[in-house]
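Presented below is the structure to which this report refers.
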Amino acid sequence: MMNFKNIFRWHLPFLMLLGLMSFRAVAADNLLIIGDSLSAVYRLPVAESWPTLLNNKWQKEGGKPTIINASISGDTAEQGLARLQTLLEQHHPRWVLIELGANDGLRGFAPQTISQTLTQIISQVKQANAEPLLMQIRLPPNYGRRYGDAFYAIYPALAKQENIPLVPFFMEQVAVKPEWMQDDGLHPALAAQSFIADWMSEKLTPLLTH
């Protein structure tokens with residue numbers, strides 16, 4: 001007579017591996033963006049924002065992750081950290097694009113404090129078995145060269161320390177064109193969203209490897 005207990009015991013490791021692979025396959029479908037107004041697209045329609053346009057582009061191409069944009073205008077790195085765990089548990093992303101720190105810099109927070117908070121975010125993403133992608137941020141020049149340089153240096157240092165990709169800052173391509181900027185001089189206008197979507201696709205696609 002067939003011993004089903006033995007069969008189950010012999011196949012248990014295989015079933016566990018299959019379950020883990022299935023979980024990762026689901027997780028691989030998601031790229032979570034946690035950011036501030038630059039990704040939440042301040043004062044613009046969500047349907048015409050660069051994350052939505054990029055997601056639409058990727059879904060048409062196929063074989064690309066679904067973008068979950070969890071960015072909130074005005075968020076600091078600390079505020080992003082406070083809601084990160086819930087987002088990770090809810091969406092099980094394979095990748096997390098971290099676009100935070102600009103509001104910390106605009107408020108003059110100490111670079112060391114910003115770095116420590118971003119380190120916590122990266123650590124939490126890794127603990128969730130997701131892959132962190134850190135976006136470089138640069139402050140407007142009117143915040144002073146000394147502070148601006150110290151702030152800018154946070155990101156490559158963290159990327160090297162944590163051995164994670166550093167995604168270039170799309171605003172460096174947008175801010176040079178006045179017609180692509182809103183009248184506050186800080187946020188991209190509607191006219192820039194399509195460019196940002198294409199530019200981010202070019203930068204992110206090579207990083208989305210299994």
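Going by the structure tokens order, chains are called A, B, ..., each with residues numbered from 1, while ligands are numbered from 1 in the order shown.
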Region 18-95 of chain A residues near region 160-182 of chain A within 12 Å, closest pair each, using only C-alpha atoms, as JSON lines:
```
{"residue": "A:Leu38", "atom": "CA", "partner": "A:Met171", "partner_atom": "CA", "distance": 8.6}
{"residue": "A:Ser39", "atom": "CA", "partner": "A:Phe170", "partner_atom": "CA", "distance": 10.5}
{"residue": "A:Val41", "atom": "CA", "partner": "A:Gln182", "partner_atom": "CA", "distance": 10.8}
{"residue": "A:Tyr42", "atom": "CA", "partner": "A:Gln182", "partner_atom": "CA", "distance": 9.4}
{"residue": "A:Arg43", "atom": "CA", "partner": "A:Gln182", "partner_atom": "CA", "distance": 9.2}
{"residue": "A:Leu44", "atom": "CA", "partner": "A:Gln182", "partner_atom": "CA", "distance": 10.1}
{"residue": "A:Trp50", "atom": "CA", "partner": "A:Phe170", "partner_atom": "CA", "distance": 10.9}
{"residue": "A:Trp95", "atom": "CA", "partner": "A:Pro165", "partner_atom": "CA", "distance": 11.1}
```
Can you spit out the residues from that selection as a PDB file, in the first residue's frame, using N, CA, C and O atoms?
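Output saved as part.pdb:
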```pdb
ATOM      1  N   LEU A  38       7.869  65.161  -5.802  1.00  0.00           N
ATOM      2  CA  LEU A  38       8.470  64.955  -7.119  1.00  0.00           C
ATOM      3  C   LEU A  38       7.922  63.702  -7.790  1.00  0.00           C
ATOM      4  O   LEU A  38       7.865  63.620  -9.020  1.00  0.00           O
ATOM      5  N   SER A  39       7.530  62.722  -6.982  1.00  0.00           N
ATOM      6  CA  SER A  39       6.923  61.502  -7.517  1.00  0.00           C
ATOM      7  C   SER A  39       5.408  61.493  -7.339  1.00  0.00           C
ATOM      8  O   SER A  39       4.698  60.792  -8.059  1.00  0.00           O
ATOM      9  N   VAL A  41       3.757  64.039  -7.896  1.00  0.00           N
ATOM     10  CA  VAL A  41       3.433  65.039  -8.928  1.00  0.00           C
ATOM     11  C   VAL A  41       2.514  66.130  -8.382  1.00  0.00           C
ATOM     12  O   VAL A  41       1.323  66.170  -8.673  1.00  0.00           O
ATOM     13  N   TYR A  42       3.109  67.019  -7.673  1.00  0.00           N
ATOM     14  CA  TYR A  42       2.446  68.143  -7.020  1.00  0.00           C
ATOM     15  C   TYR A  42       1.607  68.964  -7.995  1.00  0.00           C
ATOM     16  O   TYR A  42       2.067  69.391  -9.042  1.00  0.00           O
ATOM     17  N   ARG A  43       0.339  69.128  -7.661  1.00  0.00           N
ATOM     18  CA  ARG A  43      -0.617  69.974  -8.385  1.00  0.00           C
ATOM     19  C   ARG A  43      -0.926  69.487  -9.804  1.00  0.00           C
ATOM     20  O   ARG A  43      -1.433  70.253 -10.627  1.00  0.00           O
ATOM     21  N   LEU A  44      -0.658  68.222 -10.086  1.00  0.00           N
ATOM     22  CA  LEU A  44      -0.930  67.690 -11.423  1.00  0.00           C
ATOM     23  C   LEU A  44      -1.862  66.487 -11.328  1.00  0.00           C
ATOM     24  O   LEU A  44      -1.906  65.805 -10.305  1.00  0.00           O
ATOM     25  N   TRP A  50       4.237  61.165 -14.210  1.00  0.00           N
ATOM     26  CA  TRP A  50       5.255  60.278 -14.784  1.00  0.00           C
ATOM     27  C   TRP A  50       5.161  58.842 -14.258  1.00  0.00           C
ATOM     28  O   TRP A  50       5.381  57.908 -15.047  1.00  0.00           O
ATOM     29  N   TRP A  95      11.018  45.437  -5.824  1.00  0.00           N
ATOM     30  CA  TRP A  95      11.909  46.592  -5.809  1.00  0.00           C
ATOM     31  C   TRP A  95      11.217  47.760  -5.115  1.00  0.00           C
ATOM     32  O   TRP A  95       9.999  47.915  -5.192  1.00  0.00           O
TER      33      TRP A  95
END
```
Can you pull out every residue from region 15-206 of chain A that DSSP, working from the backbone, puts in strand (DSSP E or B), and format the result as a ChimeraX atom specification? /A:30-35,66-69,95-99,131-135,166-167,181,188
Kindly save the residues from that selection, with N, CA and C atoms included, as a compact mmCIF listing (two decimals), in the first residue's frame.
```txt
# COMPACT_ATOMS: atom_id res chain seq x y z
N ASN A 30 5.90 43.89 -8.69
CA ASN A 30 5.69 45.21 -8.13
C ASN A 30 6.98 46.02 -7.94
N LEU A 31 6.92 47.27 -8.36
CA LEU A 31 7.95 48.25 -8.03
C LEU A 31 7.26 49.34 -7.22
N LEU A 32 7.61 49.43 -5.96
CA LEU A 32 7.03 50.43 -5.07
C LEU A 32 7.86 51.70 -5.11
N ILE A 33 7.21 52.83 -5.34
CA ILE A 33 7.88 54.12 -5.26
C ILE A 33 7.45 54.79 -3.97
N ILE A 34 8.40 55.08 -3.11
CA ILE A 34 8.10 55.84 -1.90
C ILE A 34 8.88 57.15 -1.99
N GLY A 35 8.13 58.23 -2.13
CA GLY A 35 8.77 59.51 -2.37
C GLY A 35 7.93 60.67 -1.89
N THR A 66 4.62 46.07 -12.23
CA THR A 66 3.58 47.07 -12.02
C THR A 66 4.10 48.10 -11.02
N ILE A 67 3.89 49.36 -11.32
CA ILE A 67 4.36 50.44 -10.44
C ILE A 67 3.27 50.77 -9.43
N ILE A 68 3.65 50.79 -8.18
CA ILE A 68 2.77 51.23 -7.09
C ILE A 68 3.37 52.52 -6.55
N ASN A 69 2.72 53.62 -6.82
CA ASN A 69 3.25 54.92 -6.40
C ASN A 69 2.66 55.32 -5.06
N TRP A 95 11.02 45.44 -5.82
CA TRP A 95 11.91 46.59 -5.81
C TRP A 95 11.22 47.76 -5.11
N VAL A 96 12.02 48.60 -4.48
CA VAL A 96 11.50 49.83 -3.86
C VAL A 96 12.39 50.99 -4.29
N LEU A 97 11.81 51.93 -5.02
CA LEU A 97 12.52 53.15 -5.41
C LEU A 97 12.34 54.18 -4.30
N ILE A 98 13.45 54.57 -3.68
CA ILE A 98 13.42 55.51 -2.56
C ILE A 98 13.75 56.90 -3.09
N GLU A 99 12.74 57.74 -3.16
CA GLU A 99 12.90 59.12 -3.63
C GLU A 99 12.52 60.05 -2.49
N GLU A 131 14.44 44.75 -3.10
CA GLU A 131 15.69 45.37 -3.54
C GLU A 131 15.52 46.89 -3.56
N PRO A 132 16.30 47.61 -2.73
CA PRO A 132 16.19 49.06 -2.70
C PRO A 132 16.94 49.72 -3.86
N LEU A 133 16.32 50.73 -4.42
CA LEU A 133 16.93 51.58 -5.44
C LEU A 133 16.88 53.00 -4.91
N LEU A 134 18.01 53.63 -4.76
CA LEU A 134 18.07 54.96 -4.14
C LEU A 134 18.23 56.03 -5.21
N MET A 135 17.34 57.01 -5.20
CA MET A 135 17.46 58.10 -6.16
C MET A 135 18.30 59.23 -5.59
N LEU A 166 22.31 53.48 -7.46
CA LEU A 166 22.00 54.89 -7.31
C LEU A 166 21.37 55.37 -8.62
N VAL A 167 20.11 55.75 -8.56
CA VAL A 167 19.37 56.19 -9.74
C VAL A 167 19.59 57.69 -9.92
N MET A 181 9.02 73.54 -15.96
CA MET A 181 8.92 73.75 -14.52
C MET A 181 7.65 74.52 -14.16
N PRO A 188 8.23 69.77 -11.40
CA PRO A 188 8.04 69.64 -12.85
C PRO A 188 6.61 69.96 -13.26
```
Could you give me the residues within chain A that DSSP places in alpha helix (DSSP H), as a ChimeraX atom specification? /A:4-27,37-40,50-61,77-91,102-106,111-127,145-162,171-174,193-204
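Considering the residues A:Ala159, A:Ala40, A:Ile114, A:Val46 and counting only C-alpha atoms, Thr76 (chain A) has its shortest atom-to-atom contact with A:Ile114.
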Compile the contact shell of Leu106 (chain A) as a PyMOL selection string: residues with an atom at most 12 Å away, counting only C-alpha atoms, same-chain residues fewer than 4 positions apart removed. chain A and resi 74-77+100-102+110-111+114+137-144+147-148+151+186
Let me see the file: selected residues, all heavy atoms, as a compact mmCIF listing (two decimals), in the first residue's frame.
```
# COMPACT_ATOMS: atom_id res chain seq x y z
N GLY A 74 5.26 66.54 0.30
CA GLY A 74 5.66 67.10 1.59
C GLY A 74 6.33 66.13 2.52
O GLY A 74 6.86 66.53 3.56
N ASP A 75 6.36 64.85 2.16
CA ASP A 75 6.95 63.86 3.05
C ASP A 75 8.46 64.07 3.23
O ASP A 75 9.18 64.28 2.25
CB ASP A 75 6.71 62.45 2.51
CG ASP A 75 5.62 61.73 3.29
OD1 ASP A 75 4.87 62.39 4.04
OD2 ASP A 75 5.50 60.50 3.14
N THR A 76 8.89 63.95 4.47
CA THR A 76 10.31 63.87 4.76
C THR A 76 10.72 62.39 4.76
O THR A 76 9.86 61.50 4.69
CB THR A 76 10.62 64.47 6.14
OG1 THR A 76 9.91 63.69 7.14
CG2 THR A 76 10.18 65.93 6.23
N ALA A 77 12.01 62.16 4.89
CA ALA A 77 12.48 60.77 4.97
C ALA A 77 11.91 60.08 6.20
O ALA A 77 11.53 58.90 6.15
CB ALA A 77 14.01 60.74 5.00
N LEU A 100 13.39 60.13 -1.51
CA LEU A 100 13.12 60.91 -0.30
C LEU A 100 14.36 61.70 0.12
O LEU A 100 15.48 61.34 -0.24
CB LEU A 100 12.69 59.98 0.84
CG LEU A 100 11.30 59.37 0.76
CD1 LEU A 100 11.13 58.24 1.77
CD2 LEU A 100 10.22 60.44 0.97
N GLY A 101 14.11 62.74 0.89
CA GLY A 101 15.20 63.54 1.42
C GLY A 101 15.16 64.99 0.98
O GLY A 101 15.75 65.85 1.64
N ALA A 102 14.45 65.28 -0.12
CA ALA A 102 14.41 66.65 -0.61
C ALA A 102 13.79 67.60 0.42
O ALA A 102 14.32 68.69 0.67
CB ALA A 102 13.62 66.71 -1.92
N ALA A 110 20.09 68.25 9.39
CA ALA A 110 21.49 67.86 9.37
C ALA A 110 21.70 66.70 8.41
O ALA A 110 20.95 65.72 8.47
CB ALA A 110 21.95 67.48 10.77
N PRO A 111 22.70 66.77 7.52
CA PRO A 111 22.95 65.67 6.59
C PRO A 111 23.11 64.32 7.28
O PRO A 111 22.65 63.30 6.76
CB PRO A 111 24.23 66.10 5.88
CG PRO A 111 24.19 67.60 5.91
CD PRO A 111 23.57 67.93 7.23
N ILE A 114 19.68 62.94 8.03
CA ILE A 114 19.03 62.46 6.80
C ILE A 114 19.62 61.11 6.40
O ILE A 114 18.90 60.18 6.05
CB ILE A 114 19.21 63.49 5.67
CG1 ILE A 114 18.61 64.84 6.06
CG2 ILE A 114 18.56 62.97 4.38
CD1 ILE A 114 18.93 65.97 5.09
N ILE A 137 19.35 62.94 -5.01
CA ILE A 137 18.60 64.20 -4.89
C ILE A 137 19.59 65.35 -4.83
O ILE A 137 20.64 65.25 -4.18
CB ILE A 137 17.72 64.23 -3.62
CG1 ILE A 137 16.80 63.01 -3.56
CG2 ILE A 137 16.91 65.52 -3.56
CD1 ILE A 137 15.70 62.97 -4.58
N ARG A 138 19.26 66.44 -5.50
CA ARG A 138 20.07 67.66 -5.43
C ARG A 138 19.17 68.83 -5.04
O ARG A 138 18.05 68.94 -5.55
CB ARG A 138 20.75 67.95 -6.76
CG ARG A 138 21.66 69.20 -6.71
CD ARG A 138 22.15 69.58 -8.09
NE ARG A 138 23.09 68.63 -8.65
CZ ARG A 138 24.39 68.61 -8.37
NH1 ARG A 138 24.90 69.49 -7.52
NH2 ARG A 138 25.18 67.72 -8.94
N LEU A 139 19.65 69.68 -4.16
CA LEU A 139 18.89 70.85 -3.74
C LEU A 139 19.11 72.02 -4.70
O LEU A 139 20.14 72.07 -5.39
CB LEU A 139 19.32 71.28 -2.33
CG LEU A 139 19.03 70.31 -1.19
CD1 LEU A 139 19.58 70.86 0.12
CD2 LEU A 139 17.54 70.03 -1.07
N PRO A 140 18.17 72.95 -4.77
CA PRO A 140 18.37 74.16 -5.58
C PRO A 140 19.62 74.91 -5.09
O PRO A 140 19.96 74.86 -3.90
CB PRO A 140 17.10 74.98 -5.32
CG PRO A 140 16.08 73.97 -4.88
CD PRO A 140 16.84 72.93 -4.13
N PRO A 141 20.30 75.62 -5.98
CA PRO A 141 21.56 76.28 -5.62
C PRO A 141 21.43 77.37 -4.56
O PRO A 141 22.42 77.71 -3.90
CB PRO A 141 22.04 76.87 -6.95
CG PRO A 141 20.83 76.93 -7.82
CD PRO A 141 19.97 75.79 -7.41
N ASN A 142 20.22 77.91 -4.37
CA ASN A 142 20.07 79.00 -3.41
C ASN A 142 20.15 78.54 -1.95
O ASN A 142 20.08 79.37 -1.03
CB ASN A 142 18.73 79.72 -3.64
CG ASN A 142 17.53 78.81 -3.55
OD1 ASN A 142 17.49 77.77 -4.20
ND2 ASN A 142 16.55 79.19 -2.76
N TYR A 143 20.36 77.25 -1.73
CA TYR A 143 20.51 76.76 -0.35
C TYR A 143 21.96 76.77 0.10
O TYR A 143 22.27 76.34 1.21
CB TYR A 143 19.90 75.36 -0.21
CG TYR A 143 18.40 75.42 -0.03
CD1 TYR A 143 17.57 75.65 -1.12
CD2 TYR A 143 17.83 75.31 1.23
CE1 TYR A 143 16.20 75.75 -0.96
CE2 TYR A 143 16.46 75.40 1.41
CZ TYR A 143 15.65 75.63 0.31
OH TYR A 143 14.29 75.73 0.47
N GLY A 144 22.82 77.27 -0.74
CA GLY A 144 24.23 77.41 -0.36
C GLY A 144 25.05 76.22 -0.80
O GLY A 144 24.60 75.07 -0.70
N TYR A 147 26.19 73.51 2.24
CA TYR A 147 25.14 72.58 2.64
C TYR A 147 24.69 71.73 1.46
O TYR A 147 24.47 70.51 1.60
CB TYR A 147 23.94 73.33 3.21
CG TYR A 147 22.83 72.42 3.69
CD1 TYR A 147 22.95 71.75 4.90
CD2 TYR A 147 21.69 72.22 2.92
CE1 TYR A 147 21.94 70.88 5.34
CE2 TYR A 147 20.68 71.37 3.34
CZ TYR A 147 20.81 70.70 4.54
OH TYR A 147 19.81 69.84 4.97
N GLY A 148 24.57 72.33 0.28
CA GLY A 148 24.13 71.60 -0.90
C GLY A 148 25.06 70.45 -1.25
O GLY A 148 24.61 69.34 -1.58
N PHE A 151 24.71 67.70 1.38
CA PHE A 151 23.46 66.97 1.16
C PHE A 151 23.59 66.03 -0.03
O PHE A 151 23.22 64.86 0.04
CB PHE A 151 22.32 67.97 0.93
CG PHE A 151 21.01 67.32 0.59
CD1 PHE A 151 20.13 66.93 1.60
CD2 PHE A 151 20.65 67.08 -0.73
CE1 PHE A 151 18.92 66.32 1.30
CE2 PHE A 151 19.45 66.48 -1.04
CZ PHE A 151 18.59 66.09 -0.03
N LEU A 186 10.25 74.61 -8.29
CA LEU A 186 10.68 73.39 -7.61
C LEU A 186 10.13 72.11 -8.22
O LEU A 186 10.75 71.05 -8.10
CB LEU A 186 10.26 73.44 -6.13
CG LEU A 186 10.91 74.50 -5.24
CD1 LEU A 186 10.26 74.50 -3.87
CD2 LEU A 186 12.42 74.24 -5.12
```
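CA of Pro65 (chain A) is positioned 18.2 Å from CA of Lys126 (chain A).
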What separation in Å, quoted to one decimal, exists between CA of Asp29 (chain A) and CA of Pro93 (chain A)? 7.3 Å
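CA of Thr52 (chain A) is positioned 11.5 Å from CA of Asp198 (chain A).
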Out of A:Gly62, A:Thr209, A:Ala70, A:Ala197, which residue has the shortest atom-to-atom distance to Gln90 (chain A) when counting only C-alpha atoms?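 For Gln90 (chain A), the nearest of the candidates is A:Ala70.
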List as JSON, numbers by chain the protein and nucleic acid residues near His92 (chain A), meaning an atom at most 8 Å away when only C-alpha atoms are counted, but skip any in the same chain fewer than 5 places from it. {"A": [27, 30, 87, 128, 130]}
Using only C-alpha atoms, the best pick from A:Arg145, A:Leu53, A:Pro45, A:Gln85 as closest to Met200 (chain A) would be A:Leu53
